[in-house]
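This report concerns only the one structure given below.
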Amino acid sequence: MCLCNKLRLFEQLSTSDGLLVLQVFGPITVVLAVLGICAAALDYKPLLLLFSALIFIEFVAMMVVASPLVQVQSQMDGAVDEVFLKATPLHTLNLLNGCPNLTGKNVGLLKRMQDKVTEIDADQKLVFLHCIVHQHVLCKSVLKINHVVDVVSKIVNFMWSRALNHRQFVALLEEHESEYRDIGYHTAVRWLSLGKVLKRVWDLKAEIQEFCEEKGKDIPELSDEDWVADVAFAVDVTALINELNTKLQGKGLFFHEMHSLVKAFMRKMQFLSSQLESNTLTHMQTLKEVAPSANRLSRYSSMLGALHGQFSRRFEDLRTIEDEMNMISSPFTCSVGNAASDVQLELIDLQSDALLAEQFKSVSLLDFYSSLKEETFPNMRRHAQKMLVLFGSTYICEQTFSMMKFTKSRYRSSLTDDHLSAVLRISTSDTQPDLDALVKAQQRLDLSH
């Protein structure tokens, strides 16, 4: 029985009468427990015999109902092991979403996969990758700036809660000839929105405070120096996070390039943390405007240190392939001693070839490794293929979903699946059509008169 059939069987059992019976066993057990206590307290033999009979019936019912579930669970375990066994030779790295059920170190899916691979080859190690863009977004949760975000959201919602408020606020901005003409919402699912909203509120803080006073809206945080300093710190940090997020997005980014961007960001956090500790605000321009106290700077330094630690923890799995990434991205400057044993001699030949060194500077990384001769550098080509095909993020997948949502609208109700597939392929592919060949392939050209 295939894995899909077993999953369907388990789904059927999940909705069967058997599981419905299991759901009522809890209350029945409680009733029987109360009956047993009463029988023991009253020392009434018929009641004791009834209690014993009911307990036996419940036990038999549980065995009858639970037996198929146990069998299905064992079948599913065997099917999962079979799938892993077939997939192991082809997939040495996997892109997962970081759910606890998957990443558990003892009984999670990743642990089971690694155990299965170890049974086949004790020297083979799997490296599990999570989308780098998702990971970096999750890291900012350690900043603990909810007290800032909540008040800012309250302010923005007040501006937009009524059409009159919004029109009057826009009129106030025009009257003051402000750089901005409006203020936007913060949406949690839009990762860049928080930094943009915080920046906009900071730049318009004088106009916002004036408008709230005119409308009789009391927001005491706007006059709190510590809260204003927290906003300034949040503006600077979220701007750096948004900058990293933007760099990580886009087509044509190799995994080692994304990893380099993350490493650079981690070094920035470490550097800025040490600067704040020494009361230096050179690279924190917004925070520099409010001149916070030494205690606040020490607190901000600790928060940046915690952010650096969170990044280090979430990306620690990448350290196991860091040497291999460096070898592929910089083959002429990397250390031969740090390379895998099967490519060390080939790497020496590569680094000694002056023509290949010049070619490496003039062509793309993909074209360079494609040009290497199979008979001369077989292992280098294999390692390059392994590294260059890694997907560091789900950007392309999510871009395709967005394009599909835009294409498959209510105005195109007659769009078929084949047409949708063709449109998505054209919109997400970089392949340039050969128009001359397409024209020549036509037997007849219809020319307008």
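Convention: chains lettered A, B, ... in structure tokens order; per-chain residue numbering from 1; ligands numbered from 1 as shown.
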- Item | Exercise: A:Pro220 partners within 10 Å, only C-alpha atoms, chain neighbours under 6 positions left out, as a list in words |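 Using only C-alpha atoms, the neighbours found are Val151, Gln209 and Trp227 of chain A.
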Write out, as a CSV table (one decimal), in the first residue's frame, the residues just selected, with N, CA and C atoms.
chain,number,residue,atom,x,y,z
A,151,VAL,N,1.7,51.1,20.3
A,151,VAL,CA,1.3,52.5,20.4
A,151,VAL,C,1.3,53.1,19.0
A,209,GLN,N,1.6,64.7,16.8
A,209,GLN,CA,1.3,65.2,18.2
A,209,GLN,C,0.4,66.5,18.1
A,227,TRP,N,10.2,56.4,25.8
A,227,TRP,CA,9.5,55.8,24.7
A,227,TRP,C,9.9,56.3,23.4
- Out of stretch 301-400 of chain A, which residues get alpha helix (DSSP H) from DSSP, as a PyMOL selection string? chain A and resi 301-314+322-329+344-351+354-362+365-371+378-388+395-400
- Neighbours of A:Leu297 within 7 Å (only C-alpha atoms; same-chain residues fewer than 6 positions away dropped), as number ranges by chain? A: 276-277, 279
Just-selected residues, C-alpha atoms written as an mmCIF file, in the first residue's frame:
data_model
loop_
_atom_site.group_PDB
_atom_site.id
_atom_site.type_symbol
_atom_site.label_atom_id
_atom_site.label_comp_id
_atom_site.auth_asym_id
_atom_site.auth_seq_id
_atom_site.Cartn_x
_atom_site.Cartn_y
_atom_site.Cartn_z
ATOM 1 C CA LEU A 276 26.397 51.610 21.766
ATOM 2 C CA GLU A 277 28.186 50.194 24.789
ATOM 3 C CA ASN A 279 28.142 55.653 23.787
#
- Note on the structure: One residue among A:Met387, A:Leu415, A:Glu174, A:Val423 is nearest to A:Met403 when using only C-alpha atoms, and that residue is A:Val423
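With only C-alpha atoms as the atoms that count, the minimum distance from A:Arg299 to the choices A:Ser370, A:Ser274, A:Thr333, A:Thr320 is reached by A:Ser274.
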- Using only C-alpha atoms: which of A:Gln310, A:Ser278, A:Thr394, A:Ser335 has the shortest distance to A:Ser298: A:Ser278
- Message: Between A:Asp203, A:Asp224, A:Asp115, A:Glu324, which residue has the minimum interatomic distance to A:Thr286, considering only C-alpha atoms?
- Response: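 That would be A:Asp203, the residue with the smallest distance to A:Thr286.
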- For A:Pro292, which residue among A:Phe391, A:Phe233, A:Phe169, A:Phe368 is the nearest when counting only C-alpha atoms?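 Among A:Phe391, A:Phe233, A:Phe169, A:Phe368, it is A:Phe233 that comes nearest to A:Pro292.
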- Computed gap from atom CA of A:Ser330 to atom CA of A:Val389 is 16.9 Å
- Query: Nearest to A:Asn326: which of A:Ser293, A:Gln385, A:Ser260, A:Leu438 is it, counting only C-alpha atoms?
  - Reply: A:Ser260
- Item | Long-range neighbours of A:Ile396 as a PyMOL selection string, 10 Å cut-off, only C-alpha atoms, 2 positions minimum in chain | chain A and resi 249-252+391+393-394+398-402+428
Residue selection dump (N, CA and C atoms) as a PDB file, in the first residue's frame:
ATOM      1  N   GLN A 249      16.125  39.202  -1.452  1.00  0.00           N
ATOM      2  CA  GLN A 249      15.092  38.891  -2.420  1.00  0.00           C
ATOM      3  C   GLN A 249      15.611  39.102  -3.839  1.00  0.00           C
ATOM      4  N   GLY A 250      14.961  38.456  -4.774  1.00  0.00           N
ATOM      5  CA  GLY A 250      15.325  38.612  -6.173  1.00  0.00           C
ATOM      6  C   GLY A 250      15.811  37.320  -6.786  1.00  0.00           C
ATOM      7  N   LYS A 251      15.800  37.289  -8.113  1.00  0.00           N
ATOM      8  CA  LYS A 251      16.249  36.105  -8.835  1.00  0.00           C
ATOM      9  C   LYS A 251      17.760  36.141  -9.020  1.00  0.00           C
ATOM     10  N   GLY A 252      18.318  34.962  -9.264  1.00  0.00           N
ATOM     11  CA  GLY A 252      19.734  34.869  -9.599  1.00  0.00           C
ATOM     12  C   GLY A 252      20.673  34.907  -8.418  1.00  0.00           C
ATOM     13  N   PHE A 391      18.477  26.168  -2.982  1.00  0.00           N
ATOM     14  CA  PHE A 391      17.561  27.299  -2.903  1.00  0.00           C
ATOM     15  C   PHE A 391      17.669  27.890  -1.502  1.00  0.00           C
ATOM     16  N   SER A 393      16.044  30.532  -0.457  1.00  0.00           N
ATOM     17  CA  SER A 393      14.772  31.105  -0.015  1.00  0.00           C
ATOM     18  C   SER A 393      13.663  30.596  -0.921  1.00  0.00           C
ATOM     19  N   THR A 394      12.444  30.873  -0.511  1.00  0.00           N
ATOM     20  CA  THR A 394      11.260  30.498  -1.293  1.00  0.00           C
ATOM     21  C   THR A 394      10.752  31.690  -2.103  1.00  0.00           C
ATOM     22  N   GLU A 398       7.068  32.044  -3.986  1.00  0.00           N
ATOM     23  CA  GLU A 398       6.074  33.016  -3.546  1.00  0.00           C
ATOM     24  C   GLU A 398       5.797  34.053  -4.631  1.00  0.00           C
ATOM     25  N   GLN A 399       6.808  34.377  -5.424  1.00  0.00           N
ATOM     26  CA  GLN A 399       6.587  35.289  -6.541  1.00  0.00           C
ATOM     27  C   GLN A 399       5.633  34.666  -7.559  1.00  0.00           C
ATOM     28  N   THR A 400       5.778  33.355  -7.773  1.00  0.00           N
ATOM     29  CA  THR A 400       4.893  32.657  -8.696  1.00  0.00           C
ATOM     30  C   THR A 400       3.456  32.662  -8.191  1.00  0.00           C
ATOM     31  N   PHE A 401       3.279  32.453  -6.871  1.00  0.00           N
ATOM     32  CA  PHE A 401       1.932  32.507  -6.295  1.00  0.00           C
ATOM     33  C   PHE A 401       1.314  33.903  -6.467  1.00  0.00           C
ATOM     34  N   SER A 402       2.112  34.933  -6.261  1.00  0.00           N
ATOM     35  CA  SER A 402       1.603  36.297  -6.434  1.00  0.00           C
ATOM     36  C   SER A 402       1.221  36.542  -7.884  1.00  0.00           C
ATOM     37  N   THR A 428       7.455  34.178 -15.219  1.00  0.00           N
ATOM     38  CA  THR A 428       8.473  33.893 -14.204  1.00  0.00           C
ATOM     39  C   THR A 428       9.796  33.420 -14.796  1.00  0.00           C
TER      40      THR A 428
END
- Task: Write out as number ranges by chain each polymer residue whose atoms come within 8 Å of A:Ala357, counting only C-alpha atoms; drop sequence neighbours fewer than 5 positions from it.
- Result: A: 332, 350-351
- A:Ala232: which residues within 12 Å, counting only C-alpha atoms, same-chain residues fewer than 5 positions away excluded, as a list in words? Ile145, Val148, Gly195, Leu198, Lys199, Arg200, Val201, Trp202, Asp203, Lys205, Glu225, Asp226, Trp227, Val237, Thr238, Ala239, Leu281, Met284, Gln285, Thr286, Leu287, Lys288, Glu289, Val290, Ala291, Pro292, Arg296, Leu297 and Tyr300 of chain A
